[in-house]
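Coordinates from query.cif are shown below (mmCIF, N, CA and C atoms).
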```cif
data_coords
loop_
_atom_site.label_atom_id
_atom_site.label_comp_id
_atom_site.auth_asym_id
_atom_site.auth_seq_id
_atom_site.Cartn_x
_atom_site.Cartn_y
_atom_site.Cartn_z
N MET G 125 -9.47 -7.28 0.28
CA MET G 125 -8.11 -6.80 0.34
C MET G 125 -7.38 -7.54 1.45
N GLN G 126 -6.12 -7.70 1.24
CA GLN G 126 -5.26 -8.36 2.21
C GLN G 126 -4.16 -7.41 2.61
N GLU G 127 -3.82 -7.40 3.90
CA GLU G 127 -2.77 -6.50 4.36
C GLU G 127 -1.41 -6.98 3.85
N ILE G 128 -0.64 -6.03 3.34
CA ILE G 128 0.74 -6.30 2.92
C ILE G 128 1.62 -6.02 4.14
N MET G 129 2.24 -7.06 4.63
CA MET G 129 3.05 -6.93 5.85
C MET G 129 4.48 -6.52 5.47
N GLY G 130 5.13 -5.83 6.38
CA GLY G 130 6.54 -5.51 6.20
C GLY G 130 6.80 -4.39 5.20
N ILE G 131 5.80 -3.52 4.97
CA ILE G 131 6.07 -2.42 4.03
C ILE G 131 7.08 -1.46 4.66
N ARG G 132 7.83 -0.82 3.80
CA ARG G 132 8.85 0.11 4.27
C ARG G 132 8.17 1.34 4.87
N GLN G 133 8.58 1.70 6.07
CA GLN G 133 8.07 2.89 6.74
C GLN G 133 9.11 3.99 6.63
N ARG G 134 8.67 5.17 6.26
CA ARG G 134 9.59 6.31 6.19
C ARG G 134 9.77 6.89 7.58
N VAL G 135 10.99 7.26 7.90
CA VAL G 135 11.31 7.82 9.21
C VAL G 135 10.61 9.17 9.39
N ASP G 136 10.48 9.94 8.33
CA ASP G 136 9.93 11.30 8.40
C ASP G 136 8.44 11.36 8.07
N ALA G 137 7.74 10.24 8.13
CA ALA G 137 6.32 10.21 7.78
C ALA G 137 5.57 9.34 8.78
N PRO G 138 4.25 9.55 8.88
CA PRO G 138 3.46 8.72 9.80
C PRO G 138 3.52 7.24 9.41
N ARG G 139 3.39 6.39 10.42
CA ARG G 139 3.32 4.94 10.17
C ARG G 139 2.09 4.65 9.32
N ARG G 140 2.21 3.68 8.42
CA ARG G 140 1.09 3.35 7.55
C ARG G 140 0.90 1.86 7.44
N ARG G 141 -0.34 1.50 7.11
CA ARG G 141 -0.69 0.12 6.79
C ARG G 141 -1.27 0.13 5.39
N TRP G 142 -1.01 -0.96 4.64
CA TRP G 142 -1.46 -1.04 3.26
C TRP G 142 -2.24 -2.33 3.06
N PHE G 143 -3.45 -2.21 2.53
CA PHE G 143 -4.29 -3.34 2.19
C PHE G 143 -4.47 -3.33 0.68
N PHE G 144 -4.28 -4.50 0.05
CA PHE G 144 -4.22 -4.58 -1.41
C PHE G 144 -5.14 -5.66 -1.95
N SER G 145 -5.74 -5.37 -3.10
CA SER G 145 -6.34 -6.39 -3.97
C SER G 145 -6.11 -5.89 -5.39
N HIS G 146 -6.43 -6.71 -6.36
CA HIS G 146 -6.25 -6.28 -7.75
C HIS G 146 -7.28 -5.23 -8.16
N LYS G 147 -8.32 -5.06 -7.36
CA LYS G 147 -9.37 -4.10 -7.67
C LYS G 147 -9.29 -2.83 -6.83
N ALA G 148 -8.62 -2.89 -5.66
CA ALA G 148 -8.63 -1.75 -4.74
C ALA G 148 -7.40 -1.76 -3.84
N ASP G 149 -7.08 -0.58 -3.31
CA ASP G 149 -6.02 -0.41 -2.32
C ASP G 149 -6.55 0.48 -1.21
N LEU G 150 -6.13 0.20 0.01
CA LEU G 150 -6.43 1.06 1.14
C LEU G 150 -5.14 1.30 1.90
N THR G 151 -4.80 2.57 2.10
CA THR G 151 -3.66 2.95 2.93
C THR G 151 -4.20 3.72 4.12
N VAL G 152 -3.75 3.37 5.32
CA VAL G 152 -4.19 4.03 6.55
C VAL G 152 -2.94 4.55 7.25
N TRP G 153 -2.98 5.84 7.65
CA TRP G 153 -1.85 6.47 8.35
C TRP G 153 -2.21 6.67 9.81
N TYR G 154 -1.18 6.51 10.69
CA TYR G 154 -1.38 6.59 12.13
C TYR G 154 -0.42 7.61 12.76
N ASP G 155 -0.91 8.28 13.83
CA ASP G 155 -0.02 9.16 14.59
C ASP G 155 0.80 8.30 15.55
N PRO G 156 1.79 8.90 16.25
CA PRO G 156 2.65 8.11 17.14
C PRO G 156 1.90 7.39 18.26
N ASP G 157 0.71 7.89 18.63
CA ASP G 157 -0.08 7.25 19.68
C ASP G 157 -0.99 6.15 19.15
N GLY G 158 -0.98 5.92 17.84
CA GLY G 158 -1.78 4.86 17.25
C GLY G 158 -3.15 5.28 16.76
N ALA G 159 -3.46 6.58 16.86
CA ALA G 159 -4.75 7.06 16.35
C ALA G 159 -4.65 7.26 14.84
N VAL G 160 -5.75 7.02 14.14
CA VAL G 160 -5.76 7.16 12.69
C VAL G 160 -5.70 8.64 12.31
N LEU G 161 -4.74 8.97 11.45
CA LEU G 161 -4.61 10.32 10.91
C LEU G 161 -5.44 10.48 9.64
N GLY G 162 -5.54 9.40 8.86
CA GLY G 162 -6.27 9.48 7.61
C GLY G 162 -6.19 8.18 6.84
N PHE G 163 -6.90 8.16 5.72
CA PHE G 163 -6.83 7.00 4.84
C PHE G 163 -7.01 7.43 3.40
N GLN G 164 -6.58 6.56 2.50
CA GLN G 164 -6.79 6.74 1.06
C GLN G 164 -7.29 5.41 0.52
N PHE G 165 -8.46 5.43 -0.11
CA PHE G 165 -9.04 4.23 -0.69
C PHE G 165 -9.12 4.43 -2.19
N ALA G 166 -8.42 3.59 -2.94
CA ALA G 166 -8.44 3.62 -4.40
C ALA G 166 -9.21 2.40 -4.88
N TYR G 167 -10.14 2.62 -5.81
CA TYR G 167 -10.96 1.50 -6.30
C TYR G 167 -11.19 1.63 -7.80
N ASP G 168 -11.75 0.58 -8.39
CA ASP G 168 -11.91 0.49 -9.84
C ASP G 168 -10.56 0.66 -10.54
N LYS G 169 -9.54 0.01 -10.00
CA LYS G 169 -8.18 0.18 -10.52
C LYS G 169 -8.04 -0.27 -11.98
N ALA G 170 -8.83 -1.25 -12.39
CA ALA G 170 -8.70 -1.76 -13.75
C ALA G 170 -9.46 -0.93 -14.78
N PHE G 171 -10.34 -0.05 -14.32
CA PHE G 171 -11.17 0.71 -15.24
C PHE G 171 -10.73 2.17 -15.28
N ARG G 172 -11.23 2.97 -14.41
CA ARG G 172 -10.86 4.37 -14.27
C ARG G 172 -10.73 4.63 -12.78
N GLU G 173 -9.51 4.47 -12.30
CA GLU G 173 -9.26 4.48 -10.87
C GLU G 173 -9.78 5.74 -10.20
N SER G 174 -10.60 5.53 -9.17
CA SER G 174 -11.12 6.61 -8.34
C SER G 174 -10.49 6.52 -6.97
N VAL G 175 -10.33 7.66 -6.32
CA VAL G 175 -9.66 7.70 -5.03
C VAL G 175 -10.47 8.56 -4.07
N VAL G 176 -10.62 8.05 -2.84
CA VAL G 176 -11.24 8.80 -1.77
C VAL G 176 -10.16 8.99 -0.71
N VAL G 177 -10.01 10.23 -0.24
CA VAL G 177 -9.01 10.54 0.77
C VAL G 177 -9.72 11.19 1.96
N TRP G 178 -9.46 10.67 3.15
CA TRP G 178 -10.00 11.25 4.38
C TRP G 178 -8.84 11.60 5.29
N ARG G 179 -8.88 12.82 5.84
CA ARG G 179 -7.87 13.25 6.81
C ARG G 179 -8.58 13.79 8.04
N ARG G 180 -8.13 13.34 9.21
CA ARG G 180 -8.70 13.81 10.47
C ARG G 180 -8.59 15.34 10.51
N GLY G 181 -9.68 15.98 10.82
CA GLY G 181 -9.70 17.43 10.91
C GLY G 181 -9.99 18.13 9.59
N PHE G 182 -9.94 17.41 8.48
CA PHE G 182 -10.18 18.01 7.16
C PHE G 182 -11.35 17.38 6.43
N GLY G 183 -11.63 16.13 6.70
CA GLY G 183 -12.75 15.47 6.05
C GLY G 183 -12.36 14.70 4.80
N LEU G 184 -13.33 14.56 3.91
CA LEU G 184 -13.23 13.65 2.79
C LEU G 184 -13.12 14.41 1.47
N GLY G 185 -12.34 13.88 0.55
CA GLY G 185 -12.22 14.42 -0.80
C GLY G 185 -12.13 13.29 -1.79
N ALA G 186 -12.26 13.62 -3.06
CA ALA G 186 -12.21 12.59 -4.10
C ALA G 186 -11.35 13.07 -5.25
N ALA G 187 -10.77 12.11 -5.96
CA ALA G 187 -9.93 12.44 -7.12
C ALA G 187 -9.92 11.26 -8.07
N ARG G 188 -9.41 11.49 -9.25
CA ARG G 188 -9.12 10.43 -10.21
C ARG G 188 -7.61 10.25 -10.21
N ALA G 189 -7.18 9.07 -10.58
CA ALA G 189 -5.74 8.78 -10.63
C ALA G 189 -5.29 8.67 -12.08
N ASP G 190 -4.08 9.13 -12.33
CA ASP G 190 -3.44 8.98 -13.63
C ASP G 190 -2.74 7.63 -13.63
N ASP G 191 -3.06 6.78 -14.61
CA ASP G 191 -2.43 5.45 -14.64
C ASP G 191 -0.98 5.50 -15.11
N GLY G 192 -0.53 6.67 -15.54
CA GLY G 192 0.86 6.83 -15.93
C GLY G 192 1.18 6.37 -17.34
N GLU G 193 0.21 5.85 -18.06
CA GLU G 193 0.47 5.32 -19.40
C GLU G 193 0.85 6.42 -20.39
N ASP G 194 0.31 7.62 -20.22
CA ASP G 194 0.57 8.69 -21.18
C ASP G 194 1.55 9.73 -20.66
N THR G 195 2.14 9.49 -19.50
CA THR G 195 3.04 10.49 -18.92
C THR G 195 4.38 9.85 -18.60
N ARG G 196 5.39 10.67 -18.53
CA ARG G 196 6.71 10.23 -18.10
C ARG G 196 7.18 11.19 -17.03
N PRO G 197 7.74 10.78 -15.93
CA PRO G 197 7.98 9.39 -15.59
C PRO G 197 6.68 8.68 -15.23
N LYS G 198 6.66 7.38 -15.41
CA LYS G 198 5.48 6.57 -15.16
C LYS G 198 5.16 6.60 -13.67
N GLY G 199 3.90 6.75 -13.36
CA GLY G 199 3.46 6.77 -11.97
C GLY G 199 1.96 6.84 -11.90
N SER G 200 1.43 6.96 -10.70
CA SER G 200 -0.02 7.04 -10.52
C SER G 200 -0.38 8.17 -9.57
N PRO G 201 -0.07 9.40 -9.90
CA PRO G 201 -0.45 10.50 -9.03
C PRO G 201 -1.93 10.82 -9.17
N LEU G 202 -2.46 11.47 -8.16
CA LEU G 202 -3.82 11.98 -8.28
C LEU G 202 -3.78 13.15 -9.23
N ILE G 203 -4.65 13.16 -10.23
CA ILE G 203 -4.53 14.18 -11.26
C ILE G 203 -5.64 15.22 -11.25
N GLU G 204 -6.79 14.90 -10.69
CA GLU G 204 -7.84 15.89 -10.69
C GLU G 204 -8.81 15.62 -9.55
N LYS G 205 -9.22 16.69 -8.92
CA LYS G 205 -10.27 16.57 -7.92
C LYS G 205 -11.58 16.44 -8.68
N VAL G 206 -12.46 15.60 -8.16
CA VAL G 206 -13.74 15.38 -8.82
C VAL G 206 -14.83 15.37 -7.77
N ARG G 207 -16.05 15.54 -8.23
CA ARG G 207 -17.18 15.37 -7.33
C ARG G 207 -17.27 13.88 -7.05
N GLY G 208 -17.22 13.51 -5.79
CA GLY G 208 -17.19 12.11 -5.43
C GLY G 208 -18.55 11.44 -5.48
N ASN G 209 -18.51 10.14 -5.51
CA ASN G 209 -19.72 9.33 -5.45
C ASN G 209 -19.57 8.41 -4.24
N PRO G 210 -19.98 8.88 -3.05
CA PRO G 210 -19.75 8.08 -1.85
C PRO G 210 -20.43 6.72 -1.89
N GLU G 211 -21.57 6.60 -2.55
CA GLU G 211 -22.24 5.29 -2.63
C GLU G 211 -21.40 4.31 -3.45
N ALA G 212 -20.84 4.75 -4.57
CA ALA G 212 -19.99 3.87 -5.38
C ALA G 212 -18.74 3.47 -4.60
N ALA G 213 -18.14 4.42 -3.88
CA ALA G 213 -16.95 4.12 -3.08
C ALA G 213 -17.31 3.14 -1.96
N LYS G 214 -18.45 3.36 -1.32
CA LYS G 214 -18.89 2.47 -0.23
C LYS G 214 -19.13 1.06 -0.77
N GLU G 215 -19.81 0.93 -1.90
CA GLU G 215 -20.07 -0.39 -2.48
C GLU G 215 -18.76 -1.10 -2.82
N ALA G 216 -17.81 -0.38 -3.41
CA ALA G 216 -16.51 -0.97 -3.75
C ALA G 216 -15.77 -1.40 -2.49
N PHE G 217 -15.83 -0.57 -1.46
CA PHE G 217 -15.14 -0.89 -0.21
C PHE G 217 -15.74 -2.14 0.45
N VAL G 218 -17.06 -2.20 0.53
CA VAL G 218 -17.72 -3.34 1.15
C VAL G 218 -17.37 -4.64 0.43
N ARG G 219 -17.30 -4.59 -0.91
CA ARG G 219 -16.94 -5.79 -1.68
C ARG G 219 -15.54 -6.28 -1.34
N GLU G 220 -14.64 -5.38 -0.98
CA GLU G 220 -13.23 -5.72 -0.78
C GLU G 220 -12.80 -5.82 0.68
N ALA G 221 -13.66 -5.52 1.63
CA ALA G 221 -13.26 -5.30 3.03
C ALA G 221 -13.22 -6.55 3.91
N GLU G 222 -13.42 -7.71 3.35
CA GLU G 222 -13.57 -8.92 4.16
C GLU G 222 -12.42 -9.15 5.16
N LYS G 223 -11.18 -8.91 4.76
CA LYS G 223 -10.03 -9.22 5.62
C LYS G 223 -9.46 -7.99 6.34
N ILE G 224 -10.18 -6.88 6.29
CA ILE G 224 -9.72 -5.66 6.95
C ILE G 224 -10.23 -5.63 8.38
N PRO G 225 -9.41 -5.23 9.36
CA PRO G 225 -9.87 -5.17 10.75
C PRO G 225 -11.12 -4.30 10.91
N GLU G 226 -11.98 -4.73 11.81
CA GLU G 226 -13.29 -4.09 11.99
C GLU G 226 -13.20 -2.60 12.31
N ASP G 227 -12.21 -2.18 13.11
CA ASP G 227 -12.11 -0.76 13.45
C ASP G 227 -11.83 0.10 12.21
N ILE G 228 -11.06 -0.42 11.29
CA ILE G 228 -10.77 0.31 10.05
C ILE G 228 -12.01 0.31 9.15
N VAL G 229 -12.70 -0.82 9.07
CA VAL G 229 -13.93 -0.89 8.28
C VAL G 229 -14.93 0.15 8.79
N GLU G 230 -15.11 0.22 10.10
CA GLU G 230 -16.05 1.18 10.69
C GLU G 230 -15.65 2.61 10.37
N LEU G 231 -14.37 2.92 10.44
CA LEU G 231 -13.89 4.27 10.14
C LEU G 231 -14.20 4.66 8.70
N VAL G 232 -13.86 3.79 7.76
CA VAL G 232 -14.08 4.09 6.34
C VAL G 232 -15.57 4.23 6.05
N LEU G 233 -16.37 3.30 6.54
CA LEU G 233 -17.82 3.38 6.30
C LEU G 233 -18.43 4.61 6.94
N SER G 234 -17.95 4.98 8.12
CA SER G 234 -18.44 6.19 8.79
C SER G 234 -18.11 7.44 7.97
N ALA G 235 -16.88 7.52 7.48
CA ALA G 235 -16.48 8.68 6.66
C ALA G 235 -17.31 8.76 5.39
N LEU G 236 -17.53 7.63 4.73
CA LEU G 236 -18.34 7.64 3.50
C LEU G 236 -19.80 7.92 3.80
N GLY G 237 -20.31 7.43 4.92
CA GLY G 237 -21.69 7.70 5.31
C GLY G 237 -21.91 9.15 5.63
N ALA G 238 -20.93 9.78 6.30
CA ALA G 238 -21.04 11.20 6.62
C ALA G 238 -21.05 12.03 5.34
N ALA G 239 -20.28 11.60 4.35
CA ALA G 239 -20.24 12.33 3.08
C ALA G 239 -21.59 12.26 2.40
N ARG G 240 -22.23 11.10 2.47
CA ARG G 240 -23.53 10.93 1.82
C ARG G 240 -24.57 11.82 2.48
N ALA G 241 -24.48 11.95 3.83
CA ALA G 241 -25.47 12.71 4.56
C ALA G 241 -25.21 14.22 4.51
N ALA G 242 -23.98 14.62 4.20
CA ALA G 242 -23.62 16.04 4.23
C ALA G 242 -24.11 16.77 3.00
N GLU G 243 -24.10 18.08 3.11
CA GLU G 243 -24.38 18.91 1.95
C GLU G 243 -23.33 18.64 0.89
N ARG G 244 -23.68 18.78 -0.36
CA ARG G 244 -22.75 18.48 -1.45
C ARG G 244 -21.93 19.69 -1.87
N GLY G 245 -21.66 20.61 -0.94
CA GLY G 245 -20.91 21.81 -1.29
C GLY G 245 -19.43 21.57 -1.49
N SER G 246 -18.90 20.47 -0.95
CA SER G 246 -17.48 20.18 -1.11
C SER G 246 -17.32 19.15 -2.22
N LEU G 247 -16.28 18.34 -2.11
CA LEU G 247 -16.05 17.34 -3.14
C LEU G 247 -17.06 16.21 -3.07
N PHE G 248 -17.79 16.09 -1.98
CA PHE G 248 -18.83 15.07 -1.89
C PHE G 248 -20.16 15.71 -1.75
#
```
Could you express the structure from this file as structure tokens?
Amino acid sequence: MQEIMGIRQRVDAPRRRWFFSHKADLTVWYDPDGAVLGFQFAYDKAFRESVVVWRRGFGLGAARADDGEDTRPKGSPLIEKVRGNPEAAKEAFVREAEKIPEDIVELVLSALGAARAAERGSLF
């Protein structure tokens, strides 16, 4: 993934960074002090897009995305929570993470690793 520079920042929302490839997207949100608030990693975009969302203080969740082909207005909202597959998400992330800063890579891998080690009572 490559960082998309100059994305529009909303005044009423946390600052964000966006990393893009044709196979995956990573969005990272920051508080005013520069600490990470959370991230959303979408992968397998060409097949059946899966999404992992991590929020500081809340942990990790998983969902599928609607490609918008069968709905109007067209869009890609998260449509259903699913039991996540942290190993599949981790493998997809590692394949795409070459140009992502090391601190972000460590955060994402740590969140996915914690999900793998945790009890499966939640979405992971």
message: Between G:Ala235, G:Asn209, G:Ile224, G:Arg139, which residue has the minimum interatomic distance to Pro156 in chain G, considering only N, CA and C atoms?
response: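 The shortest atom-to-atom distance to Pro156 in chain G comes from G:Arg139.
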message: the PyMOL selection byres (((chain G and resi 145 and name CA) around 10) and name CA) - which residues does that actually catch in the file I just gave you? List them as a PyMOL selection string.
response: chain G and resi 125-128+143-144+146-150+167+169+220-221
task: Would you mind reading off the distance between atom C of Gly237 in chain G and atom N of Ala187 in chain G, one decimal, in Å?
output: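 Pair atom C of Gly237 in chain G / atom N of Ala187 in chain G returns 16.3 Å.
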message: Going by the chain IDs and residue numbers used in this file, which residues fall under the PyMOL selection byres ((chain G and resi 176-180) around 6)? Write them as a list in words.
response: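 Against this file, the PyMOL selection byres ((chain G and resi 176-180) around 6) returns the residues Leu161, Gly162, Phe163, Gln164, Phe165, Ala166, Ser174, Val175, Gly181, Phe182, Gly183, Leu184, Gly185, Ala186 and Ala187 of chain G.
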Would you compute the box with edges along x, y and z of the file around range 220-232 of chain G, including every atom the file lists for it and 8 Å extra on each side, and give its centre and edge lengths in Å to one decimal, as lines of an AutoDock Vina configuration file?
```
center_x = -12.7
center_y = -2.3
center_z = 6.2
size_x = 22.6
size_y = 29.9
size_z = 30.4
```
